[in-house]
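*Asks:* Sharing data.cif here; it has mmCIF, C-alpha atoms.
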data_protein
#
loop_
_atom_site.group_PDB
_atom_site.id
_atom_site.type_symbol
_atom_site.label_atom_id
_atom_site.label_comp_id
_atom_site.auth_asym_id
_atom_site.auth_seq_id
_atom_site.Cartn_x
_atom_site.Cartn_y
_atom_site.Cartn_z
ATOM 1 C CA MET A 1 -10.463 68.573 -5.352
ATOM 2 C CA MET A 2 -10.283 65.355 -3.342
ATOM 3 C CA LYS A 3 -10.793 65.675 0.392
ATOM 4 C CA LYS A 4 -7.879 64.529 2.524
ATOM 5 C CA ILE A 5 -8.611 61.303 4.372
ATOM 6 C CA SER A 6 -8.235 61.829 8.104
ATOM 7 C CA MET A 7 -5.852 59.668 10.104
ATOM 8 C CA GLU A 8 -8.859 58.408 12.064
ATOM 9 C CA ASN A 9 -10.536 57.121 8.896
ATOM 10 C CA ARG A 10 -7.270 55.591 7.706
ATOM 11 C CA TRP A 11 -7.102 53.541 10.897
ATOM 12 C CA ILE A 12 -10.716 52.469 10.449
ATOM 13 C CA GLY A 13 -10.085 51.582 6.809
ATOM 14 C CA PHE A 14 -7.047 49.510 7.751
ATOM 15 C CA LEU A 15 -9.083 47.678 10.398
ATOM 16 C CA LEU A 16 -11.845 46.912 7.891
ATOM 17 C CA LEU A 17 -9.272 45.674 5.388
ATOM 18 C CA CYS A 18 -7.734 43.327 7.977
ATOM 19 C CA TYR A 19 -11.093 41.847 8.940
ATOM 20 C CA PHE A 20 -12.128 41.453 5.302
ATOM 21 C CA SER A 21 -8.835 39.741 4.456
ATOM 22 C CA GLY A 22 -9.149 37.526 7.515
ATOM 23 C CA LEU A 23 -12.707 36.593 6.607
ATOM 24 C CA ILE A 24 -11.677 35.531 3.111
ATOM 25 C CA GLY A 25 -8.573 33.708 4.322
ATOM 26 C CA ILE A 26 -10.345 31.788 7.087
ATOM 27 C CA SER A 27 -13.264 30.926 4.799
ATOM 28 C CA LEU A 28 -10.872 29.142 2.414
ATOM 29 C CA ALA A 29 -9.551 25.961 4.040
ATOM 30 C CA GLU A 30 -6.249 26.079 2.145
ATOM 31 C CA TYR A 31 -5.407 29.491 3.626
ATOM 32 C CA GLN A 32 -6.565 28.972 7.208
ATOM 33 C CA ASN A 33 -3.116 27.998 8.466
ATOM 34 C CA LEU A 34 -1.810 31.311 7.156
ATOM 35 C CA PHE A 35 -4.519 33.568 8.584
ATOM 36 C CA LEU A 36 -5.536 31.932 11.875
ATOM 37 C CA PRO A 37 -2.187 32.587 13.658
ATOM 38 C CA LEU A 38 -2.793 36.305 13.011
ATOM 39 C CA THR A 39 -5.891 36.293 15.243
ATOM 40 C CA PRO A 40 -4.151 37.769 18.348
ATOM 41 C CA PHE A 41 -2.706 40.591 16.261
ATOM 42 C CA ASN A 42 -6.154 41.320 14.832
ATOM 43 C CA LEU A 43 -7.642 41.553 18.319
ATOM 44 C CA LEU A 44 -4.843 43.857 19.441
ATOM 45 C CA LEU A 45 -5.284 45.990 16.307
ATOM 46 C CA THR A 46 -9.007 46.310 17.065
ATOM 47 C CA LEU A 47 -8.211 47.663 20.517
ATOM 48 C CA ILE A 48 -5.574 50.064 19.161
ATOM 49 C CA VAL A 49 -7.969 51.465 16.548
ATOM 50 C CA PHE A 50 -10.658 51.856 19.202
ATOM 51 C CA TYR A 51 -8.325 53.996 21.325
ATOM 52 C CA LYS A 52 -6.982 55.934 18.329
ATOM 53 C CA VAL A 53 -10.512 56.945 17.312
ATOM 54 C CA ASN A 54 -11.950 57.324 20.814
ATOM 55 C CA LYS A 55 -9.089 59.671 21.800
ATOM 56 C CA ASP A 56 -9.504 59.357 25.553
ATOM 57 C CA PHE A 57 -6.121 58.705 27.158
ATOM 58 C CA SER A 58 -7.016 60.176 30.520
ATOM 59 C CA VAL A 59 -5.785 58.418 33.658
ATOM 60 C CA LYS A 60 -9.411 57.771 34.631
ATOM 61 C CA PHE A 61 -10.267 56.024 31.357
ATOM 62 C CA LEU A 62 -7.040 54.031 31.250
ATOM 63 C CA PHE A 63 -7.622 52.907 34.838
ATOM 64 C CA LEU A 64 -11.141 51.803 33.883
ATOM 65 C CA SER A 65 -9.682 49.948 30.905
ATOM 66 C CA CYS A 66 -7.221 48.096 33.134
ATOM 67 C CA LEU A 67 -10.057 47.060 35.458
ATOM 68 C CA ILE A 68 -12.140 45.711 32.563
ATOM 69 C CA PHE A 69 -9.136 43.829 31.183
ATOM 70 C CA LEU A 70 -8.389 42.276 34.572
ATOM 71 C CA ILE A 71 -12.003 41.290 35.220
ATOM 72 C CA GLY A 72 -12.315 39.660 31.801
ATOM 73 C CA PHE A 73 -9.018 37.814 32.067
ATOM 74 C CA CYS A 74 -9.468 36.701 35.687
ATOM 75 C CA VAL A 75 -12.978 35.380 35.120
ATOM 76 C CA GLU A 76 -11.713 33.403 32.119
ATOM 77 C CA ALA A 77 -8.711 32.067 34.071
ATOM 78 C CA ILE A 78 -10.926 30.937 36.940
ATOM 79 C CA GLY A 79 -13.352 29.441 34.452
ATOM 80 C CA VAL A 80 -10.647 27.446 32.694
ATOM 81 C CA ALA A 81 -9.115 26.251 35.956
ATOM 82 C CA THR A 82 -12.324 25.189 37.679
ATOM 83 C CA GLY A 83 -14.951 24.615 35.003
ATOM 84 C CA MET A 84 -17.437 26.075 37.490
ATOM 85 C CA LEU A 85 -18.189 29.431 35.848
ATOM 86 C CA PHE A 86 -18.719 29.035 32.123
ATOM 87 C CA GLY A 87 -18.537 25.246 32.039
ATOM 88 C CA SER A 88 -15.642 22.935 31.238
ATOM 89 C CA TYR A 89 -13.526 24.328 28.382
ATOM 90 C CA ALA A 90 -9.925 24.778 27.301
ATOM 91 C CA TYR A 91 -8.181 27.231 24.998
ATOM 92 C CA GLY A 92 -6.247 26.118 21.950
ATOM 93 C CA ASN A 93 -2.896 27.631 20.979
ATOM 94 C CA LEU A 94 -4.020 30.212 18.417
ATOM 95 C CA PHE A 95 -4.350 33.073 20.905
ATOM 96 C CA GLY A 96 -0.706 33.006 21.887
ATOM 97 C CA PHE A 97 0.917 33.434 25.301
ATOM 98 C CA LYS A 98 -1.040 32.040 28.256
ATOM 99 C CA ILE A 99 -1.091 32.487 32.008
ATOM 100 C CA PHE A 100 -2.935 29.786 33.961
ATOM 101 C CA GLU A 101 -3.803 28.183 30.600
ATOM 102 C CA THR A 102 -5.640 31.382 29.629
ATOM 103 C CA PRO A 103 -4.444 33.606 26.763
ATOM 104 C CA ILE A 104 -3.561 37.149 27.812
ATOM 105 C CA ILE A 105 -5.222 38.448 24.643
ATOM 106 C CA ILE A 106 -8.654 37.289 25.851
ATOM 107 C CA GLY A 107 -8.674 40.245 28.240
ATOM 108 C CA VAL A 108 -8.240 42.516 25.215
ATOM 109 C CA ASN A 109 -11.278 40.903 23.612
ATOM 110 C CA TRP A 110 -13.402 41.583 26.697
ATOM 111 C CA LEU A 111 -12.107 45.159 26.803
ATOM 112 C CA PHE A 112 -12.942 46.372 23.308
ATOM 113 C CA LEU A 113 -16.245 44.475 23.180
ATOM 114 C CA ALA A 114 -17.420 45.911 26.501
ATOM 115 C CA LEU A 115 -16.456 49.479 25.646
ATOM 116 C CA SER A 116 -17.938 49.228 22.148
ATOM 117 C CA ALA A 117 -21.233 47.772 23.405
ATOM 118 C CA TYR A 118 -21.443 50.575 25.960
ATOM 119 C CA GLY A 119 -20.643 53.169 23.289
ATOM 120 C CA VAL A 120 -23.454 51.940 21.047
ATOM 121 C CA VAL A 121 -26.080 52.025 23.813
ATOM 122 C CA GLN A 122 -24.771 55.370 25.077
ATOM 123 C CA TYR A 123 -25.542 56.850 21.644
ATOM 124 C CA PHE A 124 -29.243 56.188 22.239
ATOM 125 C CA SER A 125 -29.588 56.707 25.985
ATOM 126 C CA LYS A 126 -27.815 58.087 29.027
ATOM 127 C CA LYS A 127 -30.053 56.286 31.548
ATOM 128 C CA ALA A 128 -28.429 53.817 33.943
ATOM 129 C CA PHE A 129 -30.983 51.059 33.294
ATOM 130 C CA TYR A 130 -30.187 50.904 29.588
ATOM 131 C CA LEU A 131 -26.440 51.489 29.919
ATOM 132 C CA ILE A 132 -26.010 48.685 32.448
ATOM 133 C CA LEU A 133 -28.496 46.138 31.042
ATOM 134 C CA PHE A 134 -28.424 46.472 27.265
ATOM 135 C CA PRO A 135 -24.650 46.196 26.580
ATOM 136 C CA PRO A 136 -24.494 42.780 28.347
ATOM 137 C CA LEU A 137 -27.426 41.643 26.187
ATOM 138 C CA ILE A 138 -25.510 42.720 23.069
ATOM 139 C CA MET A 139 -22.349 40.925 24.198
ATOM 140 C CA THR A 140 -24.220 37.731 25.074
ATOM 141 C CA ALA A 141 -26.029 37.743 21.730
ATOM 142 C CA LEU A 142 -22.666 38.159 19.992
ATOM 143 C CA ASP A 143 -21.288 35.192 21.923
ATOM 144 C CA PHE A 144 -24.004 33.017 20.364
ATOM 145 C CA LEU A 145 -22.414 33.822 16.990
ATOM 146 C CA VAL A 146 -18.838 33.401 18.207
ATOM 147 C CA GLU A 147 -19.076 30.040 19.992
ATOM 148 C CA PRO A 148 -19.701 27.689 17.018
ATOM 149 C CA VAL A 149 -16.958 29.373 14.984
ATOM 150 C CA ALA A 150 -14.508 29.303 17.903
ATOM 151 C CA MET A 151 -14.990 25.560 18.322
ATOM 152 C CA GLU A 152 -14.633 24.905 14.617
ATOM 153 C CA LEU A 153 -11.375 26.879 14.423
ATOM 154 C CA ASP A 154 -9.955 25.523 17.714
ATOM 155 C CA PHE A 155 -9.936 28.893 19.466
ATOM 156 C CA TRP A 156 -11.286 26.968 22.440
ATOM 157 C CA ASN A 157 -13.082 23.683 22.951
ATOM 158 C CA TRP A 158 -15.911 22.576 25.207
ATOM 159 C CA LYS A 159 -16.119 19.264 27.023
ATOM 160 C CA ASN A 160 -17.999 16.763 24.836
ATOM 161 C CA ASP A 161 -18.286 19.512 22.187
ATOM 162 C CA ILE A 162 -21.382 20.865 23.938
ATOM 163 C CA ILE A 163 -21.712 24.584 24.682
ATOM 164 C CA PRO A 164 -23.417 24.739 28.103
ATOM 165 C CA PHE A 165 -26.175 27.253 28.717
ATOM 166 C CA GLN A 166 -24.304 28.433 31.815
ATOM 167 C CA ASN A 167 -21.668 29.879 29.475
ATOM 168 C CA TYR A 168 -24.167 32.436 28.220
ATOM 169 C CA VAL A 169 -25.471 33.094 31.726
ATOM 170 C CA MET A 170 -21.921 33.778 32.908
ATOM 171 C CA TRP A 171 -21.153 35.949 29.874
ATOM 172 C CA PHE A 172 -24.180 38.051 30.732
ATOM 173 C CA ALA A 173 -23.363 38.172 34.458
ATOM 174 C CA THR A 174 -19.728 39.172 33.864
ATOM 175 C CA SER A 175 -20.779 41.773 31.309
ATOM 176 C CA LEU A 176 -23.341 43.132 33.765
ATOM 177 C CA ILE A 177 -20.626 43.657 36.396
ATOM 178 C CA ILE A 178 -18.315 45.267 33.844
ATOM 179 C CA HIS A 179 -20.979 47.637 32.539
ATOM 180 C CA GLY A 180 -22.013 48.584 36.043
ATOM 181 C CA LEU A 181 -18.370 49.547 36.546
ATOM 182 C CA ILE A 182 -18.248 51.469 33.266
ATOM 183 C CA TYR A 183 -21.392 53.380 34.217
ATOM 184 C CA PHE A 184 -19.808 54.264 37.560
ATOM 185 C CA PHE A 185 -16.901 55.904 35.673
ATOM 186 C CA ARG A 186 -19.283 57.454 33.097
ATOM 187 C CA PRO A 187 -16.860 57.761 30.152
ATOM 188 C CA LYS A 188 -17.932 59.408 26.897
ATOM 189 C CA ILE A 189 -17.257 56.774 24.265
ATOM 190 C CA ASP A 190 -17.083 57.523 20.545
ATOM 191 C CA ALA A 191 -20.209 56.107 18.906
ATOM 192 C CA LYS A 192 -18.741 55.725 15.415
ATOM 193 C CA ILE A 193 -15.941 53.341 16.315
ATOM 194 C CA SER A 194 -18.263 51.488 18.703
ATOM 195 C CA PHE A 195 -20.793 50.839 15.931
ATOM 196 C CA ILE A 196 -18.043 49.863 13.490
ATOM 197 C CA ILE A 197 -16.397 47.355 15.833
ATOM 198 C CA LEU A 198 -19.669 45.678 16.765
ATOM 199 C CA ALA A 199 -20.817 45.593 13.131
ATOM 200 C CA ILE A 200 -17.503 44.009 12.108
ATOM 201 C CA GLN A 201 -17.835 41.342 14.797
ATOM 202 C CA ILE A 202 -21.414 40.501 13.834
ATOM 203 C CA LEU A 203 -20.648 40.307 10.114
ATOM 204 C CA PHE A 204 -17.366 38.432 10.596
ATOM 205 C CA PHE A 205 -18.751 35.698 12.827
ATOM 206 C CA GLY A 206 -22.167 35.685 11.179
ATOM 207 C CA ILE A 207 -20.642 34.919 7.779
ATOM 208 C CA LEU A 208 -18.206 32.357 9.193
ATOM 209 C CA ASN A 209 -21.141 30.584 10.826
ATOM 210 C CA ILE A 210 -22.606 30.114 7.372
ATOM 211 C CA VAL A 211 -19.369 29.285 5.578
ATOM 212 C CA ILE A 212 -17.431 26.963 7.909
ATOM 213 C CA THR A 213 -19.777 25.536 10.537
#
Take the structure in the file and give it back as structure tokens.

*Replies:*
Amino acid sequence: MMKKISMENRWIGFLLLCYFSGLIGISLAEYQNLFLPLTPFNLLLTLIVFYKVNKDFSVKFLFLSCLIFLIGFCVEAIGVATGMLFGSYAYGNLFGFKIFETPIIIGVNWLFLALSAYGVVQYFSKKAFYLILFPPLIMTALDFLVEPVAMELDFWNWKNDIIPFQNYVMWFATSLIIHGLIYFFRPKIDAKISFIILAIQILFFGILNIVIT
């Protein structure tokens, strides 16, 4: 008798299918115009699946989530407006609605990446040193994969097409603040969905680095 697939695994399967379809579509130049506008929806879906599997809808966790979202968005907005944080860059139009020339959805990206990175490290250790330091290292390493693809696909563009080193320094610094905050709240984050989301990001952008850049 076949085992019934849980709703949790259905959500995960749907997420994997969307990323796989997106990877194929973006890899083929003739289909990029069809798949790229779906990027904001894919980011939002990633966050929804994270919460569906993580199953923590407590006021405390949702408040923490709002703080992470606001920190990520505000740092990006200040960065875009001044060029003093990450360097001089501007977002394209693929991420949808903007405030202060910064897409709202970018806060969602910071949110699920930060929580997932924390969830992965939390699986191995409960010590503050590792939980505050290692997730920012993971997020900064991931940004090395994301940046070339983002420029190629016009997610955002850097002045003179040069990614400044300060971008990675600021990514790490912002992530460090966020993960210090997460540790203060001490949530228990589901390891499975955390590993899956990070693995998807690494594979997705790793392959696109080979295929389109």

*Asks:* Assuming the chain letters and numbering stay as they are in my file, what does the PyMOL selection byres ((chain A and resi 156-172) around 10) actually select? List them as a PyMOL selection string.

*Replies:* chain A and resi 72+75+79+83-95+133+135-141+143-144+147-155+173-178

*Asks:* Kindly indicate which residue among A:Tyr130, A:Phe57, A:Tyr51, A:Trp110 lies nearest to Phe73 of chain A, using only C-alpha atoms for the distances.

*Replies:* A:Trp110

*Asks:* Using only C-alpha atoms, can you tell me which of A:Trp11, A:Phe185, A:Phe69, A:Phe35 comes closest to Leu111 of chain A?

*Replies:*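 Checking each of A:Trp11, A:Phe185, A:Phe69, A:Phe35 against Leu111 of chain A, counting only C-alpha atoms, the winner is A:Phe69.
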
*Asks:* Could you give me, as a VMD selection string, the residues that sit within 8 Å of (-11.3, 37.2, 21.4) in the file's coordinates, counting all atoms listed in the file?

*Replies:* chain A and resid 40 43 105 to 110

*Asks:* Expressed in Å to a single decimal, how great is the separation between atom CA of Ala117 of chain A and atom CA of Lys192 of chain A?

*Replies:* 11.5 Å

*Asks:* Write out as a ChimeraX atom specification the residues lying within 12 Å of Leu23 of chain A, counting all atoms listed in the file and excluding same-chain residues fewer than 5 positions away.

*Replies:* /A:16-18,28-29,31-32,35-36,38-39,42,149,200-212

*Asks:* Atom CA of Ile26 of chain A to atom CA of Ala114 of chain A: how many Å, to one decimal?

*Replies:*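 Separation between atom CA of Ile26 of chain A and atom CA of Ala114 of chain A: 25.0 Å.
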
*Asks:* Name the residues that the PyMOL selection byres ((chain A and resi 191) around 7) pulls out of this structure, and write them as a PDB file with C-alpha atoms, keeping the file's coordinate frame.

*Replies:*
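File expr_10.pdb, as written:
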ATOM      1  CA  GLY A 119     -20.643  53.169  23.289  1.00  0.00           C
ATOM      2  CA  VAL A 120     -23.454  51.940  21.047  1.00  0.00           C
ATOM      3  CA  TYR A 123     -25.542  56.850  21.644  1.00  0.00           C
ATOM      4  CA  ILE A 189     -17.257  56.774  24.265  1.00  0.00           C
ATOM      5  CA  ASP A 190     -17.083  57.523  20.545  1.00  0.00           C
ATOM      6  CA  LYS A 192     -18.741  55.725  15.415  1.00  0.00           C
ATOM      7  CA  ILE A 193     -15.941  53.341  16.315  1.00  0.00           C
ATOM      8  CA  SER A 194     -18.263  51.488  18.703  1.00  0.00           C
ATOM      9  CA  PHE A 195     -20.793  50.839  15.931  1.00  0.00           C
TER      10      PHE A 195
END

*Asks:* Select, from A:Phe63, A:Phe20, A:Phe100, A:Phe112, the residue with the minimum atom-to-atom distance to Thr46 of chain A, counting all atoms listed in the file.

*Replies:*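 When distances to Thr46 of chain A are compared using all atoms listed in the file, the smallest one comes from A:Phe112.
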